[in-house]
Amino acid sequence: MRLIEPLPGGLRHAFWPTPDDHGRERHEFYGFAVPASGTAAGVFCTHEDPADLAWAQHVWRFLDRTVPS
C-alpha cells in the first residue's frame with residue numbers, strides 16, 4: 001500500500017509492504033516527509049501485529065513537526 005499526504009509547501013509519502021519472512025508475520029513501514037526547502041526526513045518501522053500500522057503512521061505524521069520548512 002502507498003499513501004501521499006500534502007504538507008504546507010511539500011508532501012509526505014509512505015508505503016508499507018509485508019515481506020516474506022520465513023513464515024513469520026512481519027510488516028514494514030517506510031515514510032518520508034519533504035517540505036518546500038527540499039530537506040527530507042524518513043522513518044522505518046517494523047512490526048508483527050497488523051494493528052500497529054496506525055502507530056507507524058502516527059510516527060510518520062509527526063515528521064512534519066521535525067523537518068525545517
# chains A, B, ... in the order shown; residues from 1 in each chain; ligands from 1
>>> residues_around(residues="Ala33 of chain A", least_positions_apart="6", cutoff="9 Å", atoms="only C-alpha atoms", output="PDB file with N, CA and C atoms, in the first residue's frame")
ATOM      1  N   LEU A   7       1.912  18.434   2.682  1.00  0.00           N
ATOM      2  CA  LEU A   7       2.415  19.278   3.762  1.00  0.00           C
ATOM      3  C   LEU A   7       2.348  20.709   3.234  1.00  0.00           C
ATOM      4  N   GLY A  10       4.971  21.101   0.670  1.00  0.00           N
ATOM      5  CA  GLY A  10       5.713  19.856   0.484  1.00  0.00           C
ATOM      6  C   GLY A  10       4.779  18.663   0.512  1.00  0.00           C
ATOM      7  N   LEU A  11       5.329  17.493   0.839  1.00  0.00           N
ATOM      8  CA  LEU A  11       4.488  16.298   0.916  1.00  0.00           C
ATOM      9  C   LEU A  11       5.105  15.244   1.800  1.00  0.00           C
ATOM     10  N   ARG A  12       4.255  14.317   2.198  1.00  0.00           N
ATOM     11  CA  ARG A  12       4.667  13.099   2.905  1.00  0.00           C
ATOM     12  C   ARG A  12       4.319  11.925   2.006  1.00  0.00           C
ATOM     13  N   HIS A  13       5.199  10.965   1.956  1.00  0.00           N
ATOM     14  CA  HIS A  13       4.968   9.760   1.158  1.00  0.00           C
ATOM     15  C   HIS A  13       5.312   8.555   2.021  1.00  0.00           C
ATOM     16  N   ALA A  14       4.466   7.533   1.966  1.00  0.00           N
ATOM     17  CA  ALA A  14       4.725   6.317   2.743  1.00  0.00           C
ATOM     18  C   ALA A  14       4.289   5.090   1.960  1.00  0.00           C
ATOM     19  N   THR A  39      14.740  19.703   2.098  1.00  0.00           N
ATOM     20  CA  THR A  39      15.325  18.767   3.053  1.00  0.00           C
ATOM     21  C   THR A  39      14.345  17.610   3.222  1.00  0.00           C
ATOM     22  N   ALA A  40      14.802  16.531   3.759  1.00  0.00           N
ATOM     23  CA  ALA A  40      13.912  15.376   3.917  1.00  0.00           C
ATOM     24  C   ALA A  40      14.202  14.660   5.226  1.00  0.00           C
ATOM     25  N   ALA A  41      13.186  13.990   5.728  1.00  0.00           N
ATOM     26  CA  ALA A  41      13.332  13.133   6.900  1.00  0.00           C
ATOM     27  C   ALA A  41      12.601  11.835   6.603  1.00  0.00           C
ATOM     28  N   GLY A  42      13.111  10.748   7.128  1.00  0.00           N
ATOM     29  CA  GLY A  42      12.485   9.456   6.876  1.00  0.00           C
ATOM     30  C   GLY A  42      12.388   8.638   8.149  1.00  0.00           C
ATOM     31  N   VAL A  43      11.473   7.687   8.114  1.00  0.00           N
ATOM     32  CA  VAL A  43      11.290   6.791   9.249  1.00  0.00           C
ATOM     33  C   VAL A  43      11.048   5.378   8.716  1.00  0.00           C
ATOM     34  N   TRP A  60       5.108   8.577  11.516  1.00  0.00           N
ATOM     35  CA  TRP A  60       5.374   9.221  10.224  1.00  0.00           C
ATOM     36  C   TRP A  60       4.767  10.613  10.162  1.00  0.00           C
ATOM     37  N   ARG A  61       3.543  10.752  10.609  1.00  0.00           N
ATOM     38  CA  ARG A  61       2.880  12.063  10.559  1.00  0.00           C
ATOM     39  C   ARG A  61       3.529  13.075  11.496  1.00  0.00           C
ATOM     40  N   LEU A  63       6.628  13.625  11.563  1.00  0.00           N
ATOM     41  CA  LEU A  63       7.786  14.188  10.862  1.00  0.00           C
ATOM     42  C   LEU A  63       7.557  15.620  10.388  1.00  0.00           C
ATOM     43  N   ASP A  64       6.339  16.025  10.116  1.00  0.00           N
ATOM     44  CA  ASP A  64       6.107  17.388   9.656  1.00  0.00           C
ATOM     45  C   ASP A  64       6.452  18.412  10.734  1.00  0.00           C
ATOM     46  N   VAL A  67      10.814  18.517  10.591  1.00  0.00           N
ATOM     47  CA  VAL A  67      11.541  18.876   9.382  1.00  0.00           C
ATOM     48  C   VAL A  67      11.463  20.394   9.194  1.00  0.00           C
TER      49      VAL A  67
END
>>> select_by_dssp(residues="chain A", states="strand (DSSP E or B)", output="PDB file with C-alpha atoms, in the first residue's frame")
ATOM      1  CA  ARG A   2       1.033   3.604  -0.581  1.00  0.00           C
ATOM      2  CA  LEU A   3      -0.081   6.944   0.792  1.00  0.00           C
ATOM      3  CA  ILE A   4       0.784  10.525  -0.136  1.00  0.00           C
ATOM      4  CA  GLU A   5      -0.324  13.463   2.005  1.00  0.00           C
ATOM      5  CA  PRO A   6       0.320  17.170   1.432  1.00  0.00           C
ATOM      6  CA  LEU A   7       2.415  19.278   3.762  1.00  0.00           C
ATOM      7  CA  GLY A  10       5.713  19.856   0.484  1.00  0.00           C
ATOM      8  CA  LEU A  11       4.488  16.298   0.916  1.00  0.00           C
ATOM      9  CA  ARG A  12       4.667  13.099   2.905  1.00  0.00           C
ATOM     10  CA  HIS A  13       4.968   9.760   1.158  1.00  0.00           C
ATOM     11  CA  ALA A  14       4.725   6.317   2.743  1.00  0.00           C
ATOM     12  CA  PHE A  15       4.499   2.687   1.711  1.00  0.00           C
ATOM     13  CA  HIS A  27       5.180  -5.741   8.395  1.00  0.00           C
ATOM     14  CA  GLU A  28       7.401  -2.847   7.358  1.00  0.00           C
ATOM     15  CA  PHE A  29       6.569   0.844   7.085  1.00  0.00           C
ATOM     16  CA  TYR A  30       8.696   3.387   5.226  1.00  0.00           C
ATOM     17  CA  GLY A  31       7.725   7.049   5.448  1.00  0.00           C
ATOM     18  CA  PHE A  32       9.269  10.299   4.231  1.00  0.00           C
ATOM     19  CA  ALA A  33       8.491  13.998   4.684  1.00  0.00           C
ATOM     20  CA  VAL A  34       9.803  16.597   2.227  1.00  0.00           C
ATOM     21  CA  ALA A  41      13.332  13.133   6.900  1.00  0.00           C
ATOM     22  CA  GLY A  42      12.485   9.456   6.876  1.00  0.00           C
ATOM     23  CA  VAL A  43      11.290   6.791   9.249  1.00  0.00           C
ATOM     24  CA  PHE A  44      11.353   2.987   9.126  1.00  0.00           C
ATOM     25  CA  CYS A  45       9.129   0.922  11.413  1.00  0.00           C
ATOM     26  CA  THR A  46       8.791  -2.834  11.581  1.00  0.00           C
ATOM     27  CA  HIS A  47       6.030  -4.619  13.468  1.00  0.00           C
TER      28      HIS A  47
END
>>> atom_distance(atom1="atom CA of Ala56 of chain A", atom2="atom CA of Ala36 of chain A")
23.6 Å
>>> atom_distance(atom1="atom CA of Trp55 of chain A", atom2="atom CA of Ser37 of chain A")
27.1 Å
>>> residues_around(residues="Glu25 of chain A", least_positions_apart="4", cutoff="9 Å", atoms="only C-alpha atoms", output="list of chain:residue names")
A:Thr18, A:Pro19, A:Asp20, A:Asp21, A:His47, A:Glu48, A:Asp49, A:Pro50
